[in-house]
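Enquirer: Following this message is one structure expressed as structure tokens.
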There are 4 protein chains.
Amino acid sequence: MLLEKDTILAHNETRMHRHHQVVAPFRDNFEKFEKIIELLTRFQVAIPSWALGTGGTRFGRFPGKGEPGSLEEKLEDVGLLHQLNCNSGAISLHIPWDIPESPDRIRSQAEALGIRFDAVNSNTFQDQADQALSYKFGSLQHVDKAVRQQAIQHNIEVIEHGKALGSKSLTVWLSDGSCFPGQLNFRKAFQRTLEGLQEIYASLPADWKMFVEYKAFEPNFYSMSVGDWGQSLLYAQKLGPKAFTLVDLGHHLPNANIEQIVSLLLMEGKLGGFHFNDSKYGDDDLTVGSINPYQLFLIFHELVEGMNARGMHHATDLGWMIDASHNVKDPLEDLLQSVEAILIAYTQALLVDAEALSAAQQQNDVALCQELLQEAFRTDVRPIVAEARLRAGGALQPLQLYRESNVRRALTGHRRSGKLATGL
Amino acid sequence: MLLEKDTILAHNETRMHRHHQVVAPFRDNFEKFEKIIELLTRFQVAIPSWALGTGGTRFGRFPGKGEPGSLEEKLEDVGLLHQLNCNSGAISLHIPWDIPESPDRIRSQAEALGIRFDAVNSNTFQDQADQALSYKFGSLQHVDKAVRQQAIQHNIEVIEHGKALGSKSLTVWLSDGSCFPGQLNFRKAFQRTLEGLQEIYASLPADWKMFVEYKAFEPNFYSMSVGDWGQSLLYAQKLGPKAFTLVDLGHHLPNANIEQIVSLLLMEGKLGGFHFNDSKYGDDDLTVGSINPYQLFLIFHELVEGMNARGMHHATDLGWMIDASHNVKDPLEDLLQSVEAILIAYTQALLVDAEALSAAQQQNDVALCQELLQEAFRTDVRPIVAEARLRAGGALQPLQLYRESNVRRALTGHRRSGKLATGL
Amino acid sequence: MLLEKDTILAHNETRMHRHHQVVAPFRDNFEKFEKIIELLTRFQVAIPSWALGTGGTRFGRFPGKGEPGSLEEKLEDVGLLHQLNCNSGAISLHIPWDIPESPDRIRSQAEALGIRFDAVNSNTFQDQADQALSYKFGSLQHVDKAVRQQAIQHNIEVIEHGKALGSKSLTVWLSDGSCFPGQLNFRKAFQRTLEGLQEIYASLPADWKMFVEYKAFEPNFYSMSVGDWGQSLLYAQKLGPKAFTLVDLGHHLPNANIEQIVSLLLMEGKLGGFHFNDSKYGDDDLTVGSINPYQLFLIFHELVEGMNARGMHHATDLGWMIDASHNVKDPLEDLLQSVEAILIAYTQALLVDAEALSAAQQQNDVALCQELLQEAFRTDVRPIVAEARLRAGGALQPLQLYRESNVRRALTGHRRSGKLATGL
Amino acid sequence: MLLEKDTILAHNETRMHRHHQVVAPFRDNFEKFEKIIELLTRFQVAIPSWALGTGGTRFGRFPGKGEPGSLEEKLEDVGLLHQLNCNSGAISLHIPWDIPESPDRIRSQAEALGIRFDAVNSNTFQDQADQALSYKFGSLQHVDKAVRQQAIQHNIEVIEHGKALGSKSLTVWLSDGSCFPGQLNFRKAFQRTLEGLQEIYASLPADWKMFVEYKAFEPNFYSMSVGDWGQSLLYAQKLGPKAFTLVDLGHHLPNANIEQIVSLLLMEGKLGGFHFNDSKYGDDDLTVGSINPYQLFLIFHELVEGMNARGMHHATDLGWMIDASHNVKDPLEDLLQSVEAILIAYTQALLVDAEALSAAQQQNDVALCQELLQEAFRTDVRPIVAEARLRAGGALQPLQLYRESNVRRALTGHRRSGKLATGL
């Protein structure tokens, strides 16, 4: 369901006076204000189809209500998010969960909602009902060539689905690995995985990218066959210019310096994109910015710095996606909070005085370097983010409007319960 | 299914010569050999009913074949394990998964197999089909008194089931906690939880123990309401003399010194028992001793030392249980490996020259302290463990016999597929 | 050296117009503005004497210039900090590094500077030149009673020094522990340590507190004899009502939820105070708020909530101290940044709408709980902090004024190089 | 000092009967017994010159007695170790600590002792007394070209010293990095570091290797400019065929799977060598095998497997070195324990039935894979290690002989106290 245009206008109207008050100091004092608004407006974060329903853990899942049961309903939900914040104009599909019956109809629906199809995701971490061979012991790493071929074939089909919808990238996340010492020959597992990726790569259209996602652990608990950025980069180097590393913020060992990884991957021209979320312990898949918002800012600081240095286009040269699991929140509320957190961090990063920072670094003036970053981070940039949204036609306060409009209640009313999105 | 007695005898026969060769040096040179054999024979590790089937992760589950579908079949499986290794003479049930239709019949079956009923486990981390109120936001910590009462009532019912079977302890593991900063008032959550535990404690028979299990994270990813040994001990102190802390080896933050925790809990008279498993990252629930067998040995070293110092009975004064999840192995094989690893570590700990160690500690002779521990750990004690098994009527090599006997194939033949144990 | 009063006035003058602009929205819209200003004004963070010089690592130390070489010079430095920010009106001394030749003269100097003597710290982690017995294998845990007595005696002397200066608390941080499995009998080490603490406790004046600090690792790398909050609490429970746990933010295992520990210690009436710093890996002793400012805010949120619930006085019922090591920054700049970060976090915590949060918690409205915390955290409260400082007679921008005044250059000029503070 | 040859013979004599008993089963039953003995005999672990004295932490150092004060005395100590275990026939020097006055004389002394010069180590993590520019803000990463040139020049001098002694490799460990967000531009730091390494590489003799060591943290606590194996590999790739990654076991984030890293670096032909030690929390530099001996075995398993697969020579194609810090043990005892632990792990790895393991992996027989590894690990291989030592002329029990011979007392007698090795 979409809101009435008037509903948004009315929402904004009542907040407009206050908004003008708080945005004025930025508009009046910040030289780059208009530039930032422009960058924010263009910045679109893809919503993963599987994040529209309640997720769970191995211990259980506590489903919510009114969750989408079809691809059409998932698109609807993303459409609503995008209507509210104007920064969610893309969806990332997961095959086989999201195979469209009619790609054309789905494409039309998406266009009407202003939604683009971001990376398509393959799934070789579960066995599907009609699947010939099991992925219990891995997919592309599997010792049995037939299983590897099945996984390769699946990925090629995912590309086909993506082509039909206008997607331009494939995200390969492999849960492959081992649970016990001795289970795998690491070298051979790497080489088999590489061969599989090469076959998939060969099927990639010329203007597509392949994202090789890494993860330190889970669902395998001893080793992962694409376990860290070093391994992902090795694969990407060997695959070729269309292969890139994808960084999921929750896929690292404790205390990893993710922002440094981001910077070095950009340096190598091999950073492909992001799966945003937050975490305290492992791949907790919490709301973006809910645990360590300063880290998120530091990552965006590296992104802004590194993309500018390479002349990259912030809005489109990387894939931006949320990948969270909403176990105790309304998924749409969680996604609104996540997108807001991302835009706040991005805006703060854009506020950093890059020239002064560079000069302070050159002087080893560490205290000043910190001051310059914290000056940006401590700034309450929510008015800037709201202004960009306002100009794009969105709501000044998306989450509040969502709540006031009783969207979930309405969805619960007209959606069949039991038709639940697959949440991870 | 049980093996024919002759099958075991035949298995042992072919290995007897070699066994005598390797056990002789121990028998001849170790003063405490007979004492160790006796301790090993009495030592029984409880098998959790839920570990008899294939477990999974939030990403998927790849079930195996021939898994038990009823409590009777679960008992059968434990009976087989116990027949093979003579150290698995107890089962730990999980309510509501294992509610017996006829407690008397189950009790008879267990007696015939030489199986005792260890701690009963309550479950407030999932919603059951017929459950009035949801545990989505916790059970004993819940802000709604009605939910808390439901959870209390459930635990009291679990005690009743346990009484009917002859169990003598209740394990309370609470998945309660929060996923986001602000979600909980930690203090009030603690106090509500304490009140709930107090009500349950009040229903505990005089000769029962209550084990309060702690866990650092998962399925909540920001806080856990019984998150570490310090919190568990606080609850146990406030509850009274029948309340104890239960240590699950996988429930700690990275790098925790578990053996020190064990020692201090023993010192305080508040160590209740163990959930054995192994892990590299979090609560990975891997086979005991598969990742860090030296740590397992060090834990047993503290147990032996601390129990001796308190005059405790190794076999019965603590609860010994495996709690693992078998995602890529045959569950029965995994359990055989786990029990073997536990007995090896226990035997090694019994071999430590306590007097010499104490003297070396008194001299700050750190190198010698290490030598004394490693002398025990480096000793290949498998012949001792096998000898104890042999005398008790078990198999010299339980896993090999299990394999040679094609047990799993037989089970697969006569058990309905789809009747699967709930594995975590 | 102190700045001329006119210097501060001039500094403020040029920034006053801008300050009034930014503080006005808070003053006009926030009901609790004056209350917050009052709380901030009273809030004093103790500066540790050893943080006034450049610290180092085991790999090396790169000293700075103009560092204090005597207790008098250290007091001078704290006096300057307090003059600048009006929130550093206390110093924490370390014995034997800071034994005053004339306590009376030192006391007079401190009074003139508005500086109070916070907790005194004992040192049993190093051997002093004139020391009879070595702490190589621990102090209060030592197997040799004579070493334990020496450590006890030292702590009693530290109390005497503190009494002479008007201090009211003793901080005991024990580096005791072990580097190798087997080195220590954990239980006996605990008991010996407890006995030592009891003797020291017996020497504590009636109106004093004893802070028992815990640390997970370093300088011992296998176990620590006061290793976590659970152990510290056990000691404090056994010692009595004047014993409390002290929380150093860098003394935890990876991913620990420190704010929950804070809340529970407050609940138990056993939270004594803080050593503030920040860290990414271990006890990194970085500038407060430089790595994870949201965590700092969450800790202050628990403090405000918990202290209010117990009717505690924010300014004085806990010990507030910085404990950082400045390896690559001017120590005074680092300390100014640290105090600023603490005050920002405290102010943000005071801004949290406690009533609304409590109501949202009661509704399990997790998204709203997060919004309420983040509303406070995202607010740029620097104007409030500056206003409190301004009213107290401090500088609007302490760090900038420190830099403009070329303090370090002046100190370098009139202090002997080579007279270096001991930095950790 | 060396022991009399007769002393060793006498030591062995009294243990020979027992040794023959325990080694016989291996000699008689293991086909590859002689092959293993040969491999063990050739395997030499380099002793780092700085590990011959007592190390410390930033909190203090508690020196021992009789430590070497000159390079000659360090060689003596290694000579003694090698005499005892016949597996320590190499020394690794640290410049400027170990600059020989007369390389020829030192070379002769080493030859007489059967000691080879392993990798030479540069030091840019400390400022030396006569040093023009400071490394406070890094060396090869430094923003100031003059500092970088100084560091480059130092490394080139280190190569010269190495050439004079017959060394064939340079180990570059850079403590470069940053302590605070913003301090460094990661990309530029990487590029400056790379340029420096390239200049050093250009000075490398044709038959030399350059080892690029990585470390996750310490002494920098936010980022390290060679922070993980991925970064080290990037440098090594860009430098050329003589550049390799060096793995120090303590230089990883918590829970890292080091054995997988080893396997992949071998696959890439870029594994250069090892710094052996053990750790629980960080770079604890504990005795090898004292915390997690199974991990050490798993690493050797990958080494044996991977080196065999590449046709590499176990003894010489990688650099084997201990890098530990002995804070509470006699350094020579610690080193004897470390070498013993390494040889045990190596022997166990050689015992693994590679063919059976490969077959089990091919069958996804995970339980069997584990059995095969643990079969080797649980074997008490100390008799094999002792046999190799015996044949090479060493002592059956080196540590015991060292103690019986009162070596430390003798060294304490004839070495000036206060002449202390630099221990890290």
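As shown in the structure tokens, the chain order sets the letters A, B, ...; within each chain, residues go from 1, and ligands are also counted from 1 in the order they appear.
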Could you list the residues in chain A lying within 8 Å of chain C, using only C-alpha atoms, and format the result as a list in words?

Expert: Pro254, Asn255, Lys280, Tyr281, Ser290, Ile291, Asn292, Pro293, Tyr294, Gln295, Val328, Lys329, Asp330, Glu333, Asp334, Asp365, Val366, Ala367, Gln370, Arg378, Thr379 and Asp380 of chain A

Enquirer: Please report, as a ChimeraX atom specification, each residue of region 105-285 of chain A to which DSSP assigns alpha helix (DSSP H) when run on this structure's backbone.

Expert: /A:105-113,145-165,186-202,229-239,258-267

Enquirer: Could you dump the residues just selected with C-alpha atoms as a compact mmCIF listing (two decimals), in the first residue's frame?

Expert:
# COMPACT_ATOMS: atom_id res chain seq x y z
CA ARG A 105 4.60 -7.39 -14.85
CA ILE A 106 6.98 -7.19 -11.92
CA ARG A 107 9.17 -4.80 -13.83
CA SER A 108 6.21 -2.56 -14.58
CA GLN A 109 5.14 -2.59 -10.98
CA ALA A 110 8.65 -1.65 -9.90
CA GLU A 111 8.89 1.16 -12.42
CA ALA A 112 5.62 2.60 -11.24
CA LEU A 113 7.03 2.65 -7.73
CA LYS A 145 31.48 -32.30 -9.29
CA ALA A 146 27.76 -32.84 -9.81
CA VAL A 147 26.93 -30.74 -6.78
CA ARG A 148 29.27 -28.02 -7.97
CA GLN A 149 27.63 -28.09 -11.39
CA GLN A 150 24.21 -27.78 -9.80
CA ALA A 151 25.37 -24.73 -7.86
CA ILE A 152 26.96 -23.19 -10.92
CA GLN A 153 23.82 -23.80 -12.90
CA HIS A 154 21.73 -22.21 -10.18
CA ASN A 155 23.86 -19.10 -10.23
CA ILE A 156 23.57 -18.86 -14.00
CA GLU A 157 19.80 -19.09 -13.67
CA VAL A 158 19.89 -16.33 -11.11
CA ILE A 159 21.71 -14.18 -13.64
CA GLU A 160 18.95 -14.96 -16.15
CA HIS A 161 16.27 -13.89 -13.70
CA GLY A 162 18.24 -10.75 -13.01
CA LYS A 163 18.60 -9.95 -16.69
CA ALA A 164 14.86 -10.23 -17.15
CA LEU A 165 14.34 -7.61 -14.46
CA PHE A 186 41.47 -25.75 2.38
CA ARG A 187 43.53 -25.44 -0.76
CA LYS A 188 41.42 -27.79 -2.81
CA ALA A 189 38.23 -26.20 -1.49
CA PHE A 190 39.56 -22.83 -2.60
CA GLN A 191 40.45 -24.13 -6.02
CA ARG A 192 37.14 -25.87 -6.58
CA THR A 193 35.33 -22.74 -5.44
CA LEU A 194 37.41 -20.64 -7.79
CA GLU A 195 36.63 -22.91 -10.73
CA GLY A 196 32.94 -22.65 -10.00
CA LEU A 197 33.09 -18.88 -9.73
CA GLN A 198 34.98 -18.79 -13.03
CA GLU A 199 32.21 -20.68 -14.76
CA ILE A 200 29.61 -18.34 -13.33
CA TYR A 201 31.74 -15.35 -14.21
CA ALA A 202 31.86 -16.57 -17.79
CA TRP A 229 38.47 -9.83 2.68
CA GLY A 230 41.86 -11.31 1.83
CA GLN A 231 40.28 -14.45 0.45
CA SER A 232 37.53 -12.56 -1.34
CA LEU A 233 40.11 -10.29 -2.93
CA LEU A 234 42.12 -13.33 -4.07
CA TYR A 235 39.06 -14.69 -5.83
CA ALA A 236 38.25 -11.31 -7.34
CA GLN A 237 41.81 -10.88 -8.58
CA LYS A 238 41.77 -14.27 -10.24
CA LEU A 239 38.29 -13.85 -11.72
CA ILE A 258 36.38 -2.56 8.72
CA GLU A 259 37.03 0.99 7.58
CA GLN A 260 40.63 0.13 6.77
CA ILE A 261 39.47 -2.85 4.73
CA VAL A 262 37.10 -0.55 2.86
CA SER A 263 39.88 1.90 2.13
CA LEU A 264 42.26 -0.76 0.83
CA LEU A 265 39.63 -2.43 -1.34
CA LEU A 266 38.84 0.95 -2.87
CA MET A 267 42.55 1.46 -3.45

Enquirer: Given only C-alpha atoms as the basis, pick out the residue of B:Val172, B:Leu140, B:Leu84, B:Leu343 nearest to Phe43 (chain B).

Expert: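 Nearest candidate to Phe43 (chain B) out of B:Val172, B:Leu140, B:Leu84, B:Leu343: B:Leu343.
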
Enquirer: Neighbours of Ser49 (chain B) within 10 Å (only C-alpha atoms; same-chain residues fewer than 5 positions away dropped), as number ranges by chain?

Expert: B: 68, 70-71, 73-75, 77-78, 91-94, 97-98, 323, 421-423

Enquirer: I'd like the neighbourhood of Val226 (chain B) as a PyMOL selection string, where a residue qualifies if any of its atoms comes within 8 Å (using only C-alpha atoms), though same-chain residues fewer than 3 positions away should be ignored.

Expert: chain B and resi 174+176-177+213-216+231-232

Enquirer: To one decimal in Å, tell me the separation between CA of Asn185 (chain A) and CA of Leu52 (chain B).

Expert: 28.1 Å

Enquirer: From region 51-127 of chain A, collect each residue whose DSSP state is strand (DSSP E or B) and return the set as a PDB file with all heavy atoms, in the first residue's frame.

Expert:
ATOM      1  N   THR A  54       9.743 -10.906   9.330  1.00  0.00           N
ATOM      2  CA  THR A  54      10.445 -11.119  10.590  1.00  0.00           C
ATOM      3  C   THR A  54      11.453 -12.255  10.460  1.00  0.00           C
ATOM      4  O   THR A  54      11.123 -13.317   9.933  1.00  0.00           O
ATOM      5  CB  THR A  54       9.432 -11.474  11.694  1.00  0.00           C
ATOM      6  OG1 THR A  54       8.460 -10.443  11.769  1.00  0.00           O
ATOM      7  CG2 THR A  54      10.135 -11.600  13.039  1.00  0.00           C
ATOM      8  N   GLY A  56      14.641 -14.702  12.285  1.00  0.00           N
ATOM      9  CA  GLY A  56      14.693 -15.517  13.500  1.00  0.00           C
ATOM     10  C   GLY A  56      16.090 -16.044  13.726  1.00  0.00           C
ATOM     11  O   GLY A  56      17.044 -15.636  13.057  1.00  0.00           O
ATOM     12  N   THR A  57      16.191 -16.927  14.686  1.00  0.00           N
ATOM     13  CA  THR A  57      17.458 -17.570  14.985  1.00  0.00           C
ATOM     14  C   THR A  57      17.227 -19.075  14.941  1.00  0.00           C
ATOM     15  O   THR A  57      16.102 -19.536  14.775  1.00  0.00           O
ATOM     16  CB  THR A  57      17.974 -17.189  16.380  1.00  0.00           C
ATOM     17  OG1 THR A  57      17.133 -17.822  17.362  1.00  0.00           O
ATOM     18  CG2 THR A  57      17.942 -15.691  16.586  1.00  0.00           C
ATOM     19  N   GLY A  60      14.470 -20.122  17.296  1.00  0.00           N
ATOM     20  CA  GLY A  60      13.058 -19.865  17.069  1.00  0.00           C
ATOM     21  C   GLY A  60      12.838 -18.596  16.278  1.00  0.00           C
ATOM     22  O   GLY A  60      13.774 -17.825  16.015  1.00  0.00           O
ATOM     23  N   ARG A  61      11.597 -18.435  15.857  1.00  0.00           N
ATOM     24  CA  ARG A  61      11.217 -17.246  15.109  1.00  0.00           C
ATOM     25  C   ARG A  61       9.863 -16.826  15.647  1.00  0.00           C
ATOM     26  O   ARG A  61       8.987 -17.674  15.901  1.00  0.00           O
ATOM     27  CB  ARG A  61      11.129 -17.572  13.614  1.00  0.00           C
ATOM     28  CG  ARG A  61      11.151 -16.351  12.715  1.00  0.00           C
ATOM     29  CD  ARG A  61      11.268 -16.752  11.249  1.00  0.00           C
ATOM     30  NE  ARG A  61       9.988 -17.100  10.685  1.00  0.00           N
ATOM     31  CZ  ARG A  61       9.156 -16.225  10.119  1.00  0.00           C
ATOM     32  NH1 ARG A  61       9.482 -14.962  10.010  1.00  0.00           N
ATOM     33  NH2 ARG A  61       7.996 -16.618   9.645  1.00  0.00           N
ATOM     34  N   ALA A  90      15.380   0.814  -4.577  1.00  0.00           N
ATOM     35  CA  ALA A  90      15.931  -0.396  -5.194  1.00  0.00           C
ATOM     36  C   ALA A  90      15.586  -1.594  -4.316  1.00  0.00           C
ATOM     37  O   ALA A  90      15.433  -1.462  -3.098  1.00  0.00           O
ATOM     38  CB  ALA A  90      17.452  -0.281  -5.340  1.00  0.00           C
ATOM     39  N   ILE A  91      15.466  -2.718  -4.978  1.00  0.00           N
ATOM     40  CA  ILE A  91      15.206  -3.952  -4.240  1.00  0.00           C
ATOM     41  C   ILE A  91      16.218  -5.001  -4.685  1.00  0.00           C
ATOM     42  O   ILE A  91      16.639  -5.024  -5.844  1.00  0.00           O
ATOM     43  CB  ILE A  91      13.747  -4.448  -4.457  1.00  0.00           C
ATOM     44  CG1 ILE A  91      13.438  -5.626  -3.497  1.00  0.00           C
ATOM     45  CG2 ILE A  91      13.504  -4.851  -5.907  1.00  0.00           C
ATOM     46  CD1 ILE A  91      11.958  -5.999  -3.461  1.00  0.00           C
ATOM     47  N   SER A  92      16.600  -5.830  -3.747  1.00  0.00           N
ATOM     48  CA  SER A  92      17.536  -6.894  -4.071  1.00  0.00           C
ATOM     49  C   SER A  92      16.814  -8.218  -3.860  1.00  0.00           C
ATOM     50  O   SER A  92      16.305  -8.481  -2.778  1.00  0.00           O
ATOM     51  CB  SER A  92      18.762  -6.779  -3.148  1.00  0.00           C
ATOM     52  OG  SER A  92      19.746  -7.701  -3.525  1.00  0.00           O
ATOM     53  N   HIS A  94      16.176 -12.434  -4.001  1.00  0.00           N
ATOM     54  CA  HIS A  94      16.835 -13.668  -3.594  1.00  0.00           C
ATOM     55  C   HIS A  94      16.164 -14.815  -4.345  1.00  0.00           C
ATOM     56  O   HIS A  94      14.971 -15.033  -4.209  1.00  0.00           O
ATOM     57  CB  HIS A  94      16.662 -13.852  -2.082  1.00  0.00           C
ATOM     58  CG  HIS A  94      17.787 -14.608  -1.457  1.00  0.00           C
ATOM     59  ND1 HIS A  94      18.075 -15.904  -1.770  1.00  0.00           N
ATOM     60  CD2 HIS A  94      18.706 -14.239  -0.543  1.00  0.00           C
ATOM     61  CE1 HIS A  94      19.118 -16.302  -1.060  1.00  0.00           C
ATOM     62  NE2 HIS A  94      19.528 -15.318  -0.310  1.00  0.00           N
ATOM     63  N   ARG A 116      14.230   0.187  -8.621  1.00  0.00           N
ATOM     64  CA  ARG A 116      15.177  -0.451  -9.513  1.00  0.00           C
ATOM     65  C   ARG A 116      15.556  -1.810  -8.915  1.00  0.00           C
ATOM     66  O   ARG A 116      15.442  -2.028  -7.712  1.00  0.00           O
ATOM     67  CB  ARG A 116      16.411   0.458  -9.534  1.00  0.00           C
ATOM     68  CG  ARG A 116      17.574   0.170 -10.352  1.00  0.00           C
ATOM     69  CD  ARG A 116      18.531   1.395 -10.278  1.00  0.00           C
ATOM     70  NE  ARG A 116      18.988   1.647  -8.914  1.00  0.00           N
ATOM     71  CZ  ARG A 116      19.774   0.827  -8.215  1.00  0.00           C
ATOM     72  NH1 ARG A 116      20.175  -0.329  -8.731  1.00  0.00           N
ATOM     73  NH2 ARG A 116      20.163   1.157  -6.992  1.00  0.00           N
ATOM     74  N   PHE A 117      16.004  -2.714  -9.792  1.00  0.00           N
ATOM     75  CA  PHE A 117      16.429  -4.020  -9.286  1.00  0.00           C
ATOM     76  C   PHE A 117      17.938  -4.038  -9.079  1.00  0.00           C
ATOM     77  O   PHE A 117      18.708  -3.956 -10.031  1.00  0.00           O
ATOM     78  CB  PHE A 117      15.973  -5.145 -10.223  1.00  0.00           C
ATOM     79  CG  PHE A 117      14.489  -5.351 -10.172  1.00  0.00           C
ATOM     80  CD1 PHE A 117      13.641  -4.690 -11.065  1.00  0.00           C
ATOM     81  CD2 PHE A 117      13.928  -6.144  -9.186  1.00  0.00           C
ATOM     82  CE1 PHE A 117      12.265  -4.846 -10.983  1.00  0.00           C
ATOM     83  CE2 PHE A 117      12.551  -6.305  -9.098  1.00  0.00           C
ATOM     84  CZ  PHE A 117      11.714  -5.654  -9.996  1.00  0.00           C
ATOM     85  N   VAL A 120      21.070  -9.381  -7.748  1.00  0.00           N
ATOM     86  CA  VAL A 120      20.313 -10.605  -7.468  1.00  0.00           C
ATOM     87  C   VAL A 120      21.217 -11.554  -6.679  1.00  0.00           C
ATOM     88  O   VAL A 120      22.427 -11.603  -6.882  1.00  0.00           O
ATOM     89  CB  VAL A 120      19.824 -11.292  -8.771  1.00  0.00           C
ATOM     90  CG1 VAL A 120      18.557 -10.616  -9.268  1.00  0.00           C
ATOM     91  CG2 VAL A 120      20.898 -11.281  -9.846  1.00  0.00           C
ATOM     92  N   ASN A 121      20.577 -12.287  -5.778  1.00  0.00           N
ATOM     93  CA  ASN A 121      21.320 -13.155  -4.859  1.00  0.00           C
ATOM     94  C   ASN A 121      20.986 -14.621  -5.112  1.00  0.00           C
ATOM     95  O   ASN A 121      19.810 -14.990  -5.185  1.00  0.00           O
ATOM     96  CB  ASN A 121      20.930 -12.822  -3.416  1.00  0.00           C
ATOM     97  CG  ASN A 121      21.263 -11.388  -3.040  1.00  0.00           C
ATOM     98  OD1 ASN A 121      22.304 -11.118  -2.497  1.00  0.00           O
ATOM     99  ND2 ASN A 121      20.367 -10.458  -3.370  1.00  0.00           N
TER     100      ASN A 121
END

Enquirer: Find the residues near Arg408 (chain D): any atom within 9 Å, counting only C-alpha atoms, skip ones fewer than 2 places away on the same chain, and give them as a list in words.

Expert: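 In the requested format, the answer is Lys65, Gly66, Glu67, Asp330, Leu332, Tyr402, Arg403, Ser405, Asn406, Ala410, Leu411, Thr412 and Gly413 of chain D.
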
Enquirer: Got a sec: who's within 9 Å of Glu340 (chain B), counting only C-alpha atoms, leaving out chain neighbours fewer than 5 positions off, as a PyMOL selection string?

Expert: chain B and resi 85+87+288+335+345+382+385+398
